[in-house]
Amino acid sequence: MAKFRYYNLNPNGEKVSDCVTRAISLTSEIPYAEVRRKLRYTARLLDCTKLCPTCYGFFIQEVIGGIPKNCEEMTVGDFADLHPQGTYLIRIKGHLTVIKDSVCYDIWDCLDRECDLAWQISH
């Protein structure tokens with residue numbers, strides 16, 4: 001069964017709207033500040049904002065090699081239970097979270113939220 005573990009990669013320990021940076025940094029092992037910088041560059045390249053799903057989706061797939069997985073009509077917890085091993089970035093409405101070996105790493109428990117896309121991350 002999926003579990004939640006509080007985990008905040010924000011360098012100042014703040015709870016701010018940086019879920020995309022936090023999640024990508026945790027799954028890619030790229031330092032937080034470098035992910036922020038690369039997301040800004042990607043946003044300029046694609047003429048969008050770094051928090052636009054198209055922008056960070058491109059970054060996830062093309063830069064860190066994320067493989068898209070369908071998770072429509074299931075919750076983050078359901079997805080984690082179906083994929084008990086591995087590392088995934090999970091998109092829910094207005095948020096990006098991390099599942100690693102059936103544990104959700106985030107600053108709030110979103111296991112009961114519906115997701116619409118996931119990316120498997122390999123190292």
# chains A, B, ... in the order shown; residues from 1 in each chain; ligands from 1

$ residues_around --residues "Val63 of chain A" --least-positions-apart "3" --cutoff "12 Å" --atoms "only C-alpha atoms" --output "list in words"
Ile24, Ser28, Ile30, Val35, Lys38, Leu39, Tyr41, Thr42, Cys55, Tyr56, Gly57, Phe58, Phe59, Ile60, Gly66, Ile67 and Ile121 of chain A

$ write_last_selection --atoms "N, CA, C and O atoms" --output "tab-separated table (two decimals), in the first residue's frame"
chain	number	residue	atom	x	y	z
A	24	ILE	N	11.32	17.26	-9.97
A	24	ILE	CA	12.33	16.92	-10.97
A	24	ILE	C	13.69	16.76	-10.32
A	24	ILE	O	14.45	15.84	-10.65
A	28	SER	N	15.65	13.25	-10.65
A	28	SER	CA	16.77	13.28	-11.59
A	28	SER	C	18.12	13.36	-10.90
A	28	SER	O	19.15	13.16	-11.53
A	30	ILE	N	19.46	16.01	-10.13
A	30	ILE	CA	20.06	17.28	-10.55
A	30	ILE	C	19.77	18.27	-9.42
A	30	ILE	O	18.63	18.35	-8.94
A	35	VAL	N	18.04	22.69	-11.72
A	35	VAL	CA	16.74	22.38	-12.34
A	35	VAL	C	15.99	23.68	-12.62
A	35	VAL	O	15.44	23.85	-13.71
A	38	LYS	N	17.54	25.31	-15.65
A	38	LYS	CA	17.24	24.57	-16.88
A	38	LYS	C	15.77	24.70	-17.29
A	38	LYS	O	15.45	24.75	-18.47
A	39	LEU	N	14.88	24.76	-16.32
A	39	LEU	CA	13.46	24.96	-16.63
A	39	LEU	C	13.23	26.35	-17.22
A	39	LEU	O	12.42	26.50	-18.15
A	41	TYR	N	15.40	28.06	-18.95
A	41	TYR	CA	15.96	27.99	-20.30
A	41	TYR	C	14.98	27.26	-21.24
A	41	TYR	O	14.72	27.71	-22.36
A	42	THR	N	14.42	26.14	-20.78
A	42	THR	CA	13.46	25.38	-21.58
A	42	THR	C	12.24	26.23	-21.89
A	42	THR	O	11.72	26.21	-23.01
A	55	CYS	N	5.91	22.66	-21.16
A	55	CYS	CA	7.31	23.02	-20.91
A	55	CYS	C	7.99	21.98	-20.03
A	55	CYS	O	9.01	21.40	-20.40
A	56	TYR	N	7.44	21.73	-18.84
A	56	TYR	CA	8.12	20.77	-17.97
A	56	TYR	C	7.99	19.34	-18.48
A	56	TYR	O	8.85	18.51	-18.25
A	57	GLY	N	6.92	19.05	-19.24
A	57	GLY	CA	6.80	17.73	-19.86
A	57	GLY	C	7.91	17.49	-20.87
A	57	GLY	O	8.50	16.40	-20.93
A	58	PHE	N	8.23	18.51	-21.67
A	58	PHE	CA	9.34	18.43	-22.61
A	58	PHE	C	10.64	18.19	-21.85
A	58	PHE	O	11.44	17.32	-22.21
A	59	PHE	N	10.85	18.94	-20.78
A	59	PHE	CA	12.07	18.80	-19.98
A	59	PHE	C	12.18	17.38	-19.41
A	59	PHE	O	13.22	16.74	-19.48
A	60	ILE	N	11.08	16.87	-18.87
A	60	ILE	CA	11.08	15.53	-18.27
A	60	ILE	C	11.42	14.47	-19.33
A	60	ILE	O	12.24	13.59	-19.08
A	66	GLY	N	12.34	10.83	-19.12
A	66	GLY	CA	11.11	10.26	-18.57
A	66	GLY	C	10.27	9.59	-19.64
A	66	GLY	O	10.14	10.09	-20.76
A	67	ILE	N	9.70	8.45	-19.31
A	67	ILE	CA	8.86	7.68	-20.23
A	67	ILE	C	7.41	7.84	-19.80
A	67	ILE	O	7.05	7.46	-18.68
A	121	ILE	N	11.00	7.31	-14.45
A	121	ILE	CA	12.34	7.84	-14.49
A	121	ILE	C	13.32	6.71	-14.18
A	121	ILE	O	13.20	6.03	-13.16

$ residues_around --residues "segment 1-11 of chain A" --least-positions-apart "4" --cutoff "6 Å" --atoms "only C-alpha atoms" --output "count of residues only"
11

$ select_by_dssp --residues "segment 23-70 of chain A" --states "alpha helix (DSSP H)" --output "VMD selection string"
chain A and resid 23 to 28 32 to 46 53 to 58

$ write_last_selection --atoms "N, CA, C and O atoms" --output "JSON list (two decimals), in the first residue's frame"
[["chain", "number", "residue", "atom", "x", "y", "z"],
["A", 23, "ALA", "N", 10.18, 18.17, -7.52],
["A", 23, "ALA", "CA", 9.95, 16.81, -8.01],
["A", 23, "ALA", "C", 11.02, 16.39, -9.02],
["A", 23, "ALA", "O", 11.56, 15.28, -8.94],
["A", 24, "ILE", "N", 11.32, 17.26, -9.97],
["A", 24, "ILE", "CA", 12.33, 16.92, -10.97],
["A", 24, "ILE", "C", 13.69, 16.76, -10.32],
["A", 24, "ILE", "O", 14.45, 15.84, -10.65],
["A", 25, "SER", "N", 14.02, 17.63, -9.39],
["A", 25, "SER", "CA", 15.32, 17.53, -8.71],
["A", 25, "SER", "C", 15.44, 16.21, -7.96],
["A", 25, "SER", "O", 16.48, 15.53, -8.05],
["A", 26, "LEU", "N", 14.40, 15.81, -7.26],
["A", 26, "LEU", "CA", 14.45, 14.56, -6.50],
["A", 26, "LEU", "C", 14.61, 13.35, -7.42],
["A", 26, "LEU", "O", 15.42, 12.47, -7.17],
["A", 27, "THR", "N", 13.86, 13.32, -8.51],
["A", 27, "THR", "CA", 13.90, 12.14, -9.38],
["A", 27, "THR", "C", 15.11, 12.09, -10.30],
["A", 27, "THR", "O", 15.54, 11.01, -10.69],
["A", 28, "SER", "N", 15.65, 13.25, -10.65],
["A", 28, "SER", "CA", 16.77, 13.28, -11.59],
["A", 28, "SER", "C", 18.12, 13.36, -10.90],
["A", 28, "SER", "O", 19.15, 13.16, -11.53],
["A", 32, "TYR", "N", 18.66, 21.30, -7.13],
["A", 32, "TYR", "CA", 17.48, 22.16, -7.19],
["A", 32, "TYR", "C", 17.73, 23.41, -8.04],
["A", 32, "TYR", "O", 16.97, 23.72, -8.95],
["A", 33, "ALA", "N", 18.79, 24.17, -7.73],
["A", 33, "ALA", "CA", 19.08, 25.43, -8.44],
["A", 33, "ALA", "C", 19.32, 25.18, -9.93],
["A", 33, "ALA", "O", 18.91, 25.98, -10.77],
["A", 34, "GLU", "N", 19.97, 24.08, -10.24],
["A", 34, "GLU", "CA", 20.24, 23.76, -11.65],
["A", 34, "GLU", "C", 18.95, 23.41, -12.38],
["A", 34, "GLU", "O", 18.76, 23.79, -13.55],
["A", 35, "VAL", "N", 18.04, 22.69, -11.72],
["A", 35, "VAL", "CA", 16.74, 22.38, -12.34],
["A", 35, "VAL", "C", 15.99, 23.68, -12.62],
["A", 35, "VAL", "O", 15.44, 23.85, -13.71],
["A", 36, "ARG", "N", 15.97, 24.60, -11.66],
["A", 36, "ARG", "CA", 15.30, 25.90, -11.87],
["A", 36, "ARG", "C", 15.87, 26.61, -13.10],
["A", 36, "ARG", "O", 15.13, 27.13, -13.93],
["A", 37, "ARG", "N", 17.18, 26.64, -13.19],
["A", 37, "ARG", "CA", 17.85, 27.31, -14.30],
["A", 37, "ARG", "C", 17.50, 26.63, -15.63],
["A", 37, "ARG", "O", 17.17, 27.28, -16.63],
["A", 38, "LYS", "N", 17.54, 25.31, -15.65],
["A", 38, "LYS", "CA", 17.24, 24.57, -16.88],
["A", 38, "LYS", "C", 15.77, 24.70, -17.29],
["A", 38, "LYS", "O", 15.45, 24.75, -18.47],
["A", 39, "LEU", "N", 14.88, 24.76, -16.32],
["A", 39, "LEU", "CA", 13.46, 24.96, -16.63],
["A", 39, "LEU", "C", 13.23, 26.35, -17.22],
["A", 39, "LEU", "O", 12.42, 26.50, -18.15],
["A", 40, "ARG", "N", 13.90, 27.36, -16.68],
["A", 40, "ARG", "CA", 13.78, 28.72, -17.26],
["A", 40, "ARG", "C", 14.29, 28.73, -18.71],
["A", 40, "ARG", "O", 13.66, 29.31, -19.60],
["A", 41, "TYR", "N", 15.40, 28.06, -18.95],
["A", 41, "TYR", "CA", 15.96, 27.99, -20.30],
["A", 41, "TYR", "C", 14.98, 27.26, -21.24],
["A", 41, "TYR", "O", 14.72, 27.71, -22.36],
["A", 42, "THR", "N", 14.42, 26.14, -20.78],
["A", 42, "THR", "CA", 13.46, 25.38, -21.58],
["A", 42, "THR", "C", 12.24, 26.23, -21.89],
["A", 42, "THR", "O", 11.72, 26.21, -23.01],
["A", 43, "ALA", "N", 11.77, 27.00, -20.91],
["A", 43, "ALA", "CA", 10.61, 27.87, -21.11],
["A", 43, "ALA", "C", 10.90, 28.92, -22.19],
["A", 43, "ALA", "O", 10.05, 29.19, -23.04],
["A", 44, "ARG", "N", 12.08, 29.50, -22.16],
["A", 44, "ARG", "CA", 12.45, 30.48, -23.20],
["A", 44, "ARG", "C", 12.52, 29.80, -24.56],
["A", 44, "ARG", "O", 12.05, 30.33, -25.56],
["A", 45, "LEU", "N", 13.09, 28.62, -24.60],
["A", 45, "LEU", "CA", 13.23, 27.86, -25.85],
["A", 45, "LEU", "C", 11.87, 27.55, -26.47],
["A", 45, "LEU", "O", 11.67, 27.66, -27.68],
["A", 46, "LEU", "N", 10.91, 27.16, -25.63],
["A", 46, "LEU", "CA", 9.58, 26.76, -26.11],
["A", 46, "LEU", "C", 8.57, 27.89, -26.08],
["A", 46, "LEU", "O", 7.40, 27.68, -26.41],
["A", 53, "PRO", "N", 2.59, 22.74, -18.30],
["A", 53, "PRO", "CA", 2.81, 21.29, -18.48],
["A", 53, "PRO", "C", 3.55, 20.92, -19.75],
["A", 53, "PRO", "O", 4.34, 19.97, -19.76],
["A", 54, "THR", "N", 3.35, 21.65, -20.84],
["A", 54, "THR", "CA", 4.08, 21.37, -22.08],
["A", 54, "THR", "C", 5.57, 21.60, -21.87],
["A", 54, "THR", "O", 6.40, 20.81, -22.32],
["A", 55, "CYS", "N", 5.91, 22.66, -21.16],
["A", 55, "CYS", "CA", 7.31, 23.02, -20.91],
["A", 55, "CYS", "C", 7.99, 21.98, -20.03],
["A", 55, "CYS", "O", 9.01, 21.40, -20.40],
["A", 56, "TYR", "N", 7.44, 21.73, -18.84],
["A", 56, "TYR", "CA", 8.12, 20.77, -17.97],
["A", 56, "TYR", "C", 7.99, 19.34, -18.48],
["A", 56, "TYR", "O", 8.85, 18.51, -18.25],
["A", 57, "GLY", "N", 6.92, 19.05, -19.24],
["A", 57, "GLY", "CA", 6.80, 17.73, -19.86],
["A", 57, "GLY", "C", 7.91, 17.49, -20.87],
["A", 57, "GLY", "O", 8.50, 16.40, -20.93],
["A", 58, "PHE", "N", 8.23, 18.51, -21.67],
["A", 58, "PHE", "CA", 9.34, 18.43, -22.61],
["A", 58, "PHE", "C", 10.64, 18.19, -21.85],
["A", 58, "PHE", "O", 11.44, 17.32, -22.21]]

$ select_by_dssp --residues "chain A" --states "strand (DSSP E or B)" --output "ChimeraX atom specification"
/A:3-6,67-75,87-92,95-100,103-106,114-121

$ residues_around --residues "Leu117 of chain A" --least-positions-apart "6" --cutoff "12 Å" --atoms "only C-alpha atoms" --output "JSON, numbers by chain"
{"A": [53, 57, 60, 66, 67, 68, 69, 70, 71, 72, 73, 74, 75, 76, 79, 88, 89, 90, 91, 92, 93, 95, 96, 97]}

$ write_last_selection --atoms "C-alpha atoms" --output "mmCIF file, in the first residue's frame"
data_model
loop_
_atom_site.group_PDB
_atom_site.id
_atom_site.type_symbol
_atom_site.label_atom_id
_atom_site.label_comp_id
_atom_site.auth_asym_id
_atom_site.auth_seq_id
_atom_site.Cartn_x
_atom_site.Cartn_y
_atom_site.Cartn_z
ATOM 1 C CA PRO A 53 2.807 21.287 -18.479
ATOM 2 C CA GLY A 57 6.796 17.727 -19.859
ATOM 3 C CA ILE A 60 11.077 15.529 -18.275
ATOM 4 C CA GLY A 66 11.109 10.264 -18.573
ATOM 5 C CA ILE A 67 8.860 7.677 -20.230
ATOM 6 C CA PRO A 68 5.159 8.676 -20.278
ATOM 7 C CA LYS A 69 2.712 6.322 -18.559
ATOM 8 C CA ASN A 70 -1.063 6.632 -18.576
ATOM 9 C CA CYS A 71 -2.645 7.002 -15.155
ATOM 10 C CA GLU A 72 -6.018 8.495 -16.077
ATOM 11 C CA GLU A 73 -8.954 7.593 -13.856
ATOM 12 C CA MET A 74 -6.761 6.558 -10.949
ATOM 13 C CA THR A 75 -5.411 8.285 -7.899
ATOM 14 C CA VAL A 76 -1.747 8.817 -7.126
ATOM 15 C CA PHE A 79 -0.844 4.307 -9.437
ATOM 16 C CA TYR A 88 7.802 8.226 -11.210
ATOM 17 C CA LEU A 89 6.839 11.852 -11.652
ATOM 18 C CA ILE A 90 3.059 12.111 -11.355
ATOM 19 C CA ARG A 91 0.991 15.013 -12.651
ATOM 20 C CA ILE A 92 -2.232 15.985 -10.936
ATOM 21 C CA LYS A 93 -4.252 19.156 -11.465
ATOM 22 C CA HIS A 95 0.771 19.865 -9.067
ATOM 23 C CA LEU A 96 3.671 17.512 -9.764
ATOM 24 C CA THR A 97 4.666 14.875 -7.226
#

$ atom_distance --atom1 "atom CA of Asp101 of chain A" --atom2 "atom CA of Asp78 of chain A"
13.0 Å

$ atom_distance --atom1 "atom CA of Thr49 of chain A" --atom2 "atom CA of Val20 of chain A"
11.9 Å

$ atom_distance --atom1 "atom CA of Asp116 of chain A" --atom2 "atom CA of Ile99 of chain A"
14.3 Å
